[in-house]
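run-v1.tsv (TSV, C-alpha atoms) appears below.
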chain	number	residue	atom	x	y	z
A	1	MET	CA	0.00	0.00	0.00
A	2	PHE	CA	3.01	2.20	-0.55
A	3	TRP	CA	3.58	2.61	-4.25
A	4	ALA	CA	4.53	4.99	-7.04
A	5	LYS	CA	3.38	4.98	-10.62
A	6	ILE	CA	4.62	7.06	-13.53
A	7	GLN	CA	2.60	7.27	-16.69
A	8	GLU	CA	2.03	9.35	-19.82
A	9	THR	CA	-1.74	9.03	-19.81
A	10	PRO	CA	-4.15	11.08	-17.65
A	11	PHE	CA	-4.94	9.52	-14.28
A	12	ASP	CA	-8.12	11.36	-13.30
A	13	SER	CA	-10.30	8.38	-14.22
A	14	GLU	CA	-7.99	5.95	-12.39
A	15	ILE	CA	-7.93	7.42	-8.90
A	16	PRO	CA	-8.27	4.37	-6.66
A	17	ASN	CA	-11.26	4.09	-4.38
A	18	LEU	CA	-9.75	3.62	-0.94
A	19	ASP	CA	-13.00	3.25	1.02
A	20	GLN	CA	-12.52	-0.47	1.63
A	21	GLN	CA	-8.88	-0.09	2.62
A	22	ILE	CA	-9.67	2.80	4.94
A	23	GLN	CA	-12.34	0.77	6.75
A	24	THR	CA	-10.11	-2.29	7.03
A	25	ASN	CA	-7.25	-0.27	8.49
A	26	ASN	CA	-9.44	1.76	10.82
A	27	CYS	CA	-8.26	4.99	9.18
A	28	GLY	CA	-9.85	8.25	10.21
A	29	ALA	CA	-8.10	10.43	7.65
A	30	LEU	CA	-7.45	10.46	3.95
A	31	VAL	CA	-5.55	13.39	2.46
A	32	SER	CA	-5.12	13.79	-1.26
A	33	PHE	CA	-3.21	16.42	-3.18
A	34	LYS	CA	-3.42	16.97	-6.91
A	35	GLY	CA	-1.01	19.21	-8.81
A	36	VAL	CA	-2.34	20.84	-11.99
A	37	VAL	CA	-0.63	22.62	-14.92
A	38	ARG	CA	-1.09	26.38	-14.47
A	39	GLY	CA	-1.96	28.58	-17.43
A	40	TYR	CA	0.76	31.13	-16.75
A	41	ASP	CA	4.32	31.08	-15.52
A	42	GLU	CA	4.94	34.61	-14.32
A	43	GLN	CA	3.29	36.63	-17.12
A	44	GLU	CA	3.74	34.38	-20.11
A	45	PRO	CA	0.72	32.29	-21.23
A	46	LEU	CA	1.67	28.63	-21.29
A	47	SER	CA	0.74	26.28	-24.09
A	48	TYR	CA	1.87	23.00	-22.53
A	49	LEU	CA	4.51	21.33	-20.38
A	50	TYR	CA	6.81	18.49	-21.25
A	51	LEU	CA	8.04	16.30	-18.41
A	52	GLU	CA	11.01	13.99	-18.65
A	53	HIS	CA	12.03	11.38	-16.08
A	54	PHE	CA	14.67	8.70	-15.55
A	55	PRO	CA	12.82	5.38	-15.88
A	56	LYS	CA	13.29	3.02	-12.95
A	57	VAL	CA	15.42	5.53	-10.99
A	58	THR	CA	12.56	8.01	-10.58
A	59	GLU	CA	10.25	5.25	-9.32
A	60	GLN	CA	12.95	4.11	-6.86
A	61	GLU	CA	13.38	7.65	-5.55
A	62	ILE	CA	9.65	8.14	-5.00
A	63	GLU	CA	9.46	4.80	-3.20
A	64	ARG	CA	12.36	5.91	-1.00
A	65	ILE	CA	10.44	9.11	-0.16
A	66	LEU	CA	7.33	7.08	0.70
A	67	GLN	CA	9.40	4.83	2.97
A	68	LEU	CA	10.79	7.91	4.75
A	69	ALA	CA	7.23	9.16	5.27
A	70	LYS	CA	6.28	5.76	6.67
A	71	GLU	CA	9.18	5.89	9.13
A	72	TYR	CA	8.35	9.36	10.42
A	73	TRP	CA	4.56	9.32	10.54
A	74	GLU	CA	1.93	6.79	11.60
A	75	ILE	CA	0.44	6.37	8.15
A	76	LYS	CA	-1.34	3.33	6.75
A	77	SER	CA	-0.87	3.91	3.05
A	78	ALA	CA	0.64	6.37	0.64
A	79	PHE	CA	0.83	6.47	-3.10
A	80	VAL	CA	1.92	8.78	-5.86
A	81	ILE	CA	0.90	8.93	-9.50
A	82	HIS	CA	3.04	11.27	-11.60
A	83	ARG	CA	2.61	12.01	-15.25
A	84	VAL	CA	5.36	12.47	-17.81
A	85	GLY	CA	5.40	13.51	-21.46
A	86	ARG	CA	3.20	16.28	-22.80
A	87	LEU	CA	0.72	17.91	-20.42
A	88	ASN	CA	-1.67	20.65	-21.47
A	89	VAL	CA	-2.78	23.55	-19.29
A	90	GLY	CA	-5.37	22.39	-16.78
A	91	GLU	CA	-4.28	18.75	-16.81
A	92	SER	CA	-3.26	16.96	-13.62
A	93	ILE	CA	0.48	16.35	-13.15
A	94	VAL	CA	0.68	14.58	-9.83
A	95	LEU	CA	-1.54	12.91	-7.27
A	96	VAL	CA	-0.53	12.07	-3.70
A	97	MET	CA	-2.89	10.17	-1.39
A	98	VAL	CA	-2.08	9.34	2.21
A	99	SER	CA	-4.26	7.55	4.75
A	100	ALA	CA	-3.73	7.48	8.50
A	101	SER	CA	-5.60	6.99	11.76
A	102	HIS	CA	-5.53	10.72	12.43
A	103	ARG	CA	-5.51	13.80	10.23
A	104	LYS	CA	-2.25	15.38	11.45
A	105	ALA	CA	-0.11	12.49	10.25
A	106	ALA	CA	-1.96	12.36	6.92
A	107	PHE	CA	-1.63	16.12	6.33
A	108	GLU	CA	2.01	16.30	7.32
A	109	ALA	CA	3.10	13.18	5.47
A	110	SER	CA	1.42	14.29	2.23
A	111	GLU	CA	3.08	17.69	2.46
A	112	PHE	CA	6.43	16.05	3.19
A	113	ILE	CA	5.99	13.73	0.19
A	114	MET	CA	5.27	16.66	-2.13
A	115	ASP	CA	8.20	18.71	-0.79
A	116	TYR	CA	10.57	15.80	-1.34
A	117	LEU	CA	9.06	14.86	-4.67
A	118	LYS	CA	9.73	18.36	-5.96
A	119	THR	CA	13.34	18.43	-4.78
A	120	GLU	CA	14.53	14.81	-4.90
A	121	ALA	CA	12.70	12.85	-7.59
A	122	PRO	CA	14.31	12.96	-11.05
A	123	PHE	CA	11.75	14.83	-13.16
A	124	TRP	CA	12.54	17.71	-15.48
A	125	LYS	CA	9.94	20.12	-16.73
A	126	LYS	CA	10.06	22.15	-19.91
A	127	GLU	CA	7.60	24.95	-20.57
A	128	PHE	CA	6.26	25.64	-24.06
A	129	PHE	CA	4.64	29.07	-24.29
A	130	GLN	CA	1.89	30.28	-26.57
A	131	ASN	CA	4.32	32.75	-28.18
A	132	GLY	CA	6.34	29.81	-29.52
A	133	THR	CA	9.25	30.02	-27.07
A	134	SER	CA	10.24	27.31	-24.63
A	135	ARG	CA	12.52	26.87	-21.65
A	136	TRP	CA	13.54	24.29	-19.07
A	137	VAL	CA	12.16	25.17	-15.66
A	138	GLU	CA	14.86	26.04	-13.13
A	139	ALA	CA	14.83	24.51	-9.66
A	140	LYS	CA	13.26	26.92	-7.18
A	141	THR	CA	15.07	27.90	-4.00
A	142	THR	CA	11.66	28.21	-2.31
A	143	ASP	CA	11.11	24.48	-2.90
A	144	LEU	CA	14.47	23.73	-1.29
A	145	GLU	CA	13.56	25.91	1.68
A	146	GLN	CA	10.25	24.05	2.06
A	147	LYS	CA	12.11	20.78	2.10
A	148	LYS	CA	14.66	21.90	4.70
A	149	ARG	CA	12.05	22.45	7.40
A	150	TRP	CA	11.45	18.70	7.70
A	151	GLN	CA	15.07	17.98	8.61
A	152	ILE	CA	14.72	14.44	7.31
A	153	SER	CA	17.19	12.87	4.92
B	154	MET	CA	34.53	2.00	-21.75
B	155	ILE	CA	31.70	3.53	-19.79
B	156	LYS	CA	28.40	4.91	-20.96
B	157	ILE	CA	27.31	8.39	-19.88
B	158	CYS	CA	23.67	9.55	-20.14
B	159	TYR	CA	22.47	13.14	-19.85
B	160	PHE	CA	19.01	14.36	-18.85
B	161	GLY	CA	16.86	17.49	-18.96
B	162	PHE	CA	18.46	20.73	-20.08
B	163	LEU	CA	21.93	19.11	-20.09
B	164	LYS	CA	20.89	16.67	-22.79
B	165	GLU	CA	19.62	19.55	-24.87
B	166	ILE	CA	22.41	22.08	-24.37
B	167	LEU	CA	25.14	19.46	-24.88
B	168	ASN	CA	23.12	18.05	-27.76
B	169	LEU	CA	23.96	14.64	-26.42
B	170	GLU	CA	21.72	11.98	-24.94
B	171	GLU	CA	24.46	9.45	-24.29
B	172	GLU	CA	28.06	8.71	-25.16
B	173	GLN	CA	30.70	6.06	-24.58
B	174	ILE	CA	34.13	7.04	-23.33
B	175	GLU	CA	37.34	5.16	-22.60
B	176	TRP	CA	37.64	4.55	-18.86
B	177	SER	CA	40.11	2.44	-16.91
B	178	GLU	CA	39.51	3.56	-13.34
B	179	GLY	CA	38.48	6.57	-11.26
B	180	ASP	CA	35.58	7.94	-9.29
B	181	SER	CA	32.57	10.13	-10.01
B	182	GLN	CA	34.43	13.33	-9.14
B	183	GLU	CA	37.27	12.42	-11.50
B	184	LEU	CA	34.77	11.75	-14.26
B	185	LEU	CA	33.29	15.24	-13.80
B	186	THR	CA	36.78	16.76	-13.80
B	187	PHE	CA	37.51	14.96	-17.07
B	188	LEU	CA	34.25	16.06	-18.71
B	189	ARG	CA	34.76	19.67	-17.57
B	190	SER	CA	38.26	19.67	-19.05
B	191	ARG	CA	36.84	19.19	-22.55
B	192	SER	CA	36.15	22.91	-23.02
B	193	ALA	CA	34.93	26.04	-21.29
B	194	PHE	CA	31.45	25.17	-22.59
B	195	TRP	CA	31.50	21.78	-20.86
B	196	ALA	CA	32.97	23.27	-17.69
B	197	GLU	CA	30.24	25.89	-17.55
B	198	ASN	CA	27.35	23.53	-18.22
B	199	LEU	CA	28.59	20.82	-15.88
B	200	SER	CA	29.19	23.28	-13.03
B	201	ASP	CA	28.31	22.06	-9.54
B	202	GLN	CA	25.09	24.04	-9.51
B	203	ASN	CA	23.94	22.40	-12.75
B	204	ILE	CA	24.42	18.89	-11.40
B	205	PHE	CA	21.93	17.61	-8.88
B	206	ARG	CA	23.02	13.99	-8.62
B	207	ILE	CA	24.90	11.28	-10.42
B	208	ALA	CA	23.55	7.78	-10.85
B	209	ILE	CA	25.71	4.73	-11.47
B	210	ASN	CA	24.01	1.69	-12.97
B	211	LYS	CA	20.61	3.25	-12.23
B	212	LYS	CA	21.34	3.87	-8.55
B	213	ILE	CA	21.65	7.45	-7.32
B	214	ILE	CA	24.87	8.02	-5.39
B	215	TYR	CA	25.13	10.45	-2.50
B	216	GLN	CA	28.91	10.67	-2.27
B	217	THR	CA	31.94	10.26	-4.49
B	218	THR	CA	31.86	6.69	-5.82
B	219	SER	CA	34.21	4.56	-7.86
B	220	ILE	CA	33.30	4.00	-11.52
B	221	SER	CA	34.42	0.83	-13.29
B	222	PRO	CA	34.61	-0.05	-16.99
B	223	GLY	CA	31.21	-1.21	-18.19
B	224	ASP	CA	29.32	1.06	-15.80
B	225	GLU	CA	26.49	3.29	-16.94
B	226	VAL	CA	26.70	6.77	-15.45
B	227	ALA	CA	23.83	9.27	-15.58
B	228	ILE	CA	24.28	12.97	-14.98
B	229	LEU	CA	21.15	14.57	-13.55
B	230	PRO	CA	20.54	18.33	-13.52
B	231	PRO	CA	18.48	19.93	-10.71
B	232	VAL	CA	15.01	18.38	-10.64
B	233	THR	CA	11.74	20.23	-11.26
B	234	GLY	CA	8.90	17.74	-10.93
B	235	GLY	CA	5.64	17.84	-9.02
Output the structure of this file as structure tokens.
Amino acid sequence: MFWAKIQETPFDSEIPNLDQQIQTNNCGALVSFKGVVRGYDEQEPLSYLYLEHFPKVTEQEIERILQLAKEYWEIKSAFVIHRVGRLNVGESIVLVMVSASHRKAAFEASEFIMDYLKTEAPFWKKEFFQNGTSRWVEAKTTDLEQKKRWQIS
Amino acid sequence: MIKICYFGFLKEILNLEEEQIEWSEGDSQELLTFLRSRSAFWAENLSDQNIFRIAINKKIIYQTTSISPGDEVAILPPVTGG
């Protein structure tokens, strides 16, 4: 119940129904986070994103992050679906779902997973703008700052 | 020989997805030193701030690690997923 999946196709119709699992594990909390492609980066209207990853290694890294979350919080399950390839504005990029007995662990662990996903998992994003230009997204120092507060490595 | 793979903006700016180079022995830091010595262009693009991690045989390494002939090395620029 700790797994990562990377795929090119949209996942919105594949979000697992965790009702059964939540009842079985006596969970009182389920937190989910979905990241979506924004229409603008700064002022420039975006046409689409292209995401590259490192097959096998990216999956391993996400699984390592999920294991870390499992060690630090009392969570019952956690999974990540991350898309790669071409993603249009408004499409979902990433889904994180975490279940736990209590909400605090589920909230914190899902935030931790996203902070680490953004700064540790090998994904690279390229923006293609409506004006025909494109550029690789640079790593944000704010993301690194967010990650530091957990003091987990 | 070792194989070197490049990802993200590095692959594009170097115009190189992968290459094979002669390699007898050395570690990951020595490999970077060698690649940077190719030209000012390589040195600039493979600067410390442009390299997030190195993977050897599809395992990310967290410290300087020995590289042997036959290994596959991947050079990963800073990541921007999520």
As a PDB file with C-alpha atoms, in the coordinates of the input, could you give me every residue of chain A near chain B (at most 9 Å apart, counting all atoms listed in the file)?
ATOM      1  CA  GLY A  35      -1.010  19.210  -8.810  1.00  0.00           C
ATOM      2  CA  LEU A  51       8.040  16.300 -18.410  1.00  0.00           C
ATOM      3  CA  GLU A  52      11.010  13.990 -18.650  1.00  0.00           C
ATOM      4  CA  HIS A  53      12.030  11.380 -16.080  1.00  0.00           C
ATOM      5  CA  PHE A  54      14.670   8.700 -15.550  1.00  0.00           C
ATOM      6  CA  PRO A  55      12.820   5.380 -15.880  1.00  0.00           C
ATOM      7  CA  LYS A  56      13.290   3.020 -12.950  1.00  0.00           C
ATOM      8  CA  VAL A  57      15.420   5.530 -10.990  1.00  0.00           C
ATOM      9  CA  GLN A  60      12.950   4.110  -6.860  1.00  0.00           C
ATOM     10  CA  GLU A  61      13.380   7.650  -5.550  1.00  0.00           C
ATOM     11  CA  HIS A  82       3.040  11.270 -11.600  1.00  0.00           C
ATOM     12  CA  ILE A  93       0.480  16.350 -13.150  1.00  0.00           C
ATOM     13  CA  VAL A  94       0.680  14.580  -9.830  1.00  0.00           C
ATOM     14  CA  LEU A  95      -1.540  12.910  -7.270  1.00  0.00           C
ATOM     15  CA  MET A 114       5.270  16.660  -2.130  1.00  0.00           C
ATOM     16  CA  ASP A 115       8.200  18.710  -0.790  1.00  0.00           C
ATOM     17  CA  LEU A 117       9.060  14.860  -4.670  1.00  0.00           C
ATOM     18  CA  LYS A 118       9.730  18.360  -5.960  1.00  0.00           C
ATOM     19  CA  THR A 119      13.340  18.430  -4.780  1.00  0.00           C
ATOM     20  CA  GLU A 120      14.530  14.810  -4.900  1.00  0.00           C
ATOM     21  CA  ALA A 121      12.700  12.850  -7.590  1.00  0.00           C
ATOM     22  CA  PRO A 122      14.310  12.960 -11.050  1.00  0.00           C
ATOM     23  CA  PHE A 123      11.750  14.830 -13.160  1.00  0.00           C
ATOM     24  CA  TRP A 124      12.540  17.710 -15.480  1.00  0.00           C
ATOM     25  CA  LYS A 125       9.940  20.120 -16.730  1.00  0.00           C
ATOM     26  CA  LYS A 126      10.060  22.150 -19.910  1.00  0.00           C
ATOM     27  CA  ARG A 135      12.520  26.870 -21.650  1.00  0.00           C
ATOM     28  CA  TRP A 136      13.540  24.290 -19.070  1.00  0.00           C
ATOM     29  CA  VAL A 137      12.160  25.170 -15.660  1.00  0.00           C
ATOM     30  CA  GLU A 138      14.860  26.040 -13.130  1.00  0.00           C
ATOM     31  CA  ALA A 139      14.830  24.510  -9.660  1.00  0.00           C
ATOM     32  CA  LYS A 140      13.260  26.920  -7.180  1.00  0.00           C
TER      33      LYS A 140
END
Handout entry: Nearest-residue call for Ser221 (chain B), choices B:Glu175, B:Cys158, B:Asn168, B:Asp201, using all atoms listed in the file
Key =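 When distances to Ser221 (chain B) are compared using all atoms listed in the file, the smallest one comes from B:Glu175.
Taking CA of Thr133 (chain A) and CA of Val37 (chain A) as the two end points, the separation is 17.3 Å.
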Practice task
Please provide the set of residues having any atom within 8 Å of region 176-189 of chain B, restricted to all atoms listed in the file, with same-chain residues fewer than 3 positions apart removed, written as a list in words.
Solution key: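 So the residues in contact are Met154, Ile155, Ser192, Ala193, Trp195, Ala196, Glu197, Leu199, Ile207, Thr217, Thr218, Ser219, Ile220, Ser221 and Pro222 of chain B.
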Practice task
Can you pull out every residue within 9 Å of Gln146 (chain A), counting all atoms listed in the file, but drop anything in the same chain fewer than 3 positions away, and send it as a ChimeraX atom specification?
Solution key: /A:112,115-116,141-143,149-150
Problem - Atom-to-atom span, CA of Gln202 (chain B) and CA of Gly85 (chain A), Å - result: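 We find that CA of Gln202 (chain B) and CA of Gly85 (chain A) lie 25.3 Å from each other.
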Problem - Atomic separation - CA of Gln23 (chain A) relative to CA of Ala105 (chain A), Å - result: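 Those two atoms sit 17.3 Å apart.
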